[in-house]
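Worksheet: the structure to be examined is printed underneath.
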Amino acid sequence: MSIGNVMQQMLNQINKKYPLTEKSVGEFSNIKAKGMKFQIKQYEAEGLGNVSMMEAKGFFGLMQMDTLIINPLKRDLPLFSYDRVLAMGNDILIIELYDTLLEKQDFTDLSAWKEENQNLPDYDLGKHWYDSIKLAESVSKKGKKEHSNSLEQFTRSYFDKYLNNKAANVTVSDISEKNKKATVYVEGLLCNGGPSTDVFKREFGDAKTGNLFRKVLFGTES
């Protein structure tokens, strides 16, 4: 089973509203770490901000991971992070929204959709340093193959609601201030760690991982 179709559909959705221009990521386009091969791409989404995607496969195809990150520097949306992992018979979906907002925004449509899909099994991520800036509309689910179609349908609708939320109509007046908020999260990841952050730091060291996160995955630095 491949999980790449959903991420490609999400990219297509972005492209329709905010035309994507692919950027060169140089040495980061194909990298290896901890038995996994990573393919990474970065885009400038016109009128939105930085978009990056990462596809990872390893352990003879027994593990697949897709990641899509949106740092919406030009719209007052929260930073968006999507992870989908297939491994050991499990199908894991993690969608996290981080508070990089300049003004208070209303995400009741996302809350309602999350509430509507409580039948999908939850995944307890435990406590993390970033919990205070993670929005309550974030989602974490862990199912089996029989849940995969439902998880995909949930993701498509959730992403559509995110991308078309009223906050997407709010143009950021101070991009520098918006970027500062995103930088708090990115620098926190690099300082305090996280699942993928730790893998990259062990493989590449602090400096190279910092470049990957700041310049490619989140685009907080050019």
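Identifiers for the structure tokens are assigned positionally: chains receive A, B, ... in sequence, residues are indexed from 1 per chain, and ligands are indexed from 1 in the order shown.
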Selection near Phe59 of chain A, 8 Å with only C-alpha atoms, sequence-local residues under 4 positions removed, as number ranges by chain: A: 35-36, 63
When distances are computed from only C-alpha atoms, which of A:Phe204, A:Tyr185, A:Tyr18, A:Phe28 shows the smallest separation from Ile133 of chain A? A:Tyr185
Gly47 of chain A surroundings by only C-alpha atoms, 12 Å radius, close-in-sequence under 4 positions cut, as a PyMOL selection string: chain A and resi 14-21+51+71-76+168-172+175
Mind the document's chain letters and residue numbers, and return as a count of residues only the residues of segment 12-209 of chain A that DSSP labels alpha helix (DSSP H). 64
Got a sec to tell me which of segment 27-220 of chain A DSSP assigns to strand (DSSP E), as a PyMOL selection string? chain A and resi 30-33+36-45+49-58+63-71+79-87+90-98+139-143
Counting only C-alpha atoms, the residue among A:Asn117, A:Asn179, A:Thr197, A:Gln42 that lies closest to Glu22 of chain A is A:Gln42
Check the smallest atom-to-atom distance from each of A:Ser196, A:Leu120, A:Asp174, A:Gly126 to Asp66 of chain A using only C-alpha atoms, then report the winner. A:Ser196
Within 10 Å of Ser157 of chain A, counting only C-alpha atoms, which residues qualify if same-chain residues fewer than 6 places away don't, as number ranges by chain? A: 110, 113, 163
Take the residues from that selection and put them in a file with C-alpha atoms, as a compact mmCIF listing (two decimals), in the first residue's frame.
```
# COMPACT_ATOMS: atom_id res chain seq x y z
CA LEU A 110 -11.88 21.92 12.17
CA TRP A 113 -14.82 17.76 11.88
CA LEU A 163 -6.92 25.66 3.38
```
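Near His128 of chain A, within 10 Å and counting only C-alpha atoms, sit Leu125, Gly126, Tyr130, Asp131, Ser132, Lys134, Asn192, Gly193 and Gly194 of chain A, not including residues fewer than 2 positions from it in the same chain.
Taking atom CA of Ser140 of chain A and atom CA of Met53 of chain A as the two end points, the separation is 18.9 Å.
Coordinates place atom CA of Ser29 of chain A at a distance of 25.3 Å from atom CA of Leu97 of chain A.
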Between atom CA of Lys23 of chain A and atom CA of Ala45 of chain A, what is the spacing in Å? 10.5 Å
Name all residues at most 7 Å from Ile94 of chain A (count only C-alpha atoms; drop same-chain ones fewer than 3 positions away) and give them as a tab-separated table (two decimals) with C-alpha atoms, in the first residue's frame.
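And here's selection10.tsv as it stands now:
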```tsv
chain	number	residue	atom	x	y	z
A	82	TYR	CA	1.09	16.44	8.44
A	83	ASP	CA	2.66	13.03	9.07
A	84	ARG	CA	1.38	9.69	7.87
A	139	VAL	CA	-5.31	15.37	15.45
A	140	SER	CA	-3.48	12.09	16.11
A	141	LYS	CA	-4.92	8.72	15.05
```
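With only C-alpha atoms as the atoms that count, the residue of A:Asn50, A:Thr67, A:Asn119, A:Ser173 with the shortest distance to Leu102 of chain A is A:Ser173.
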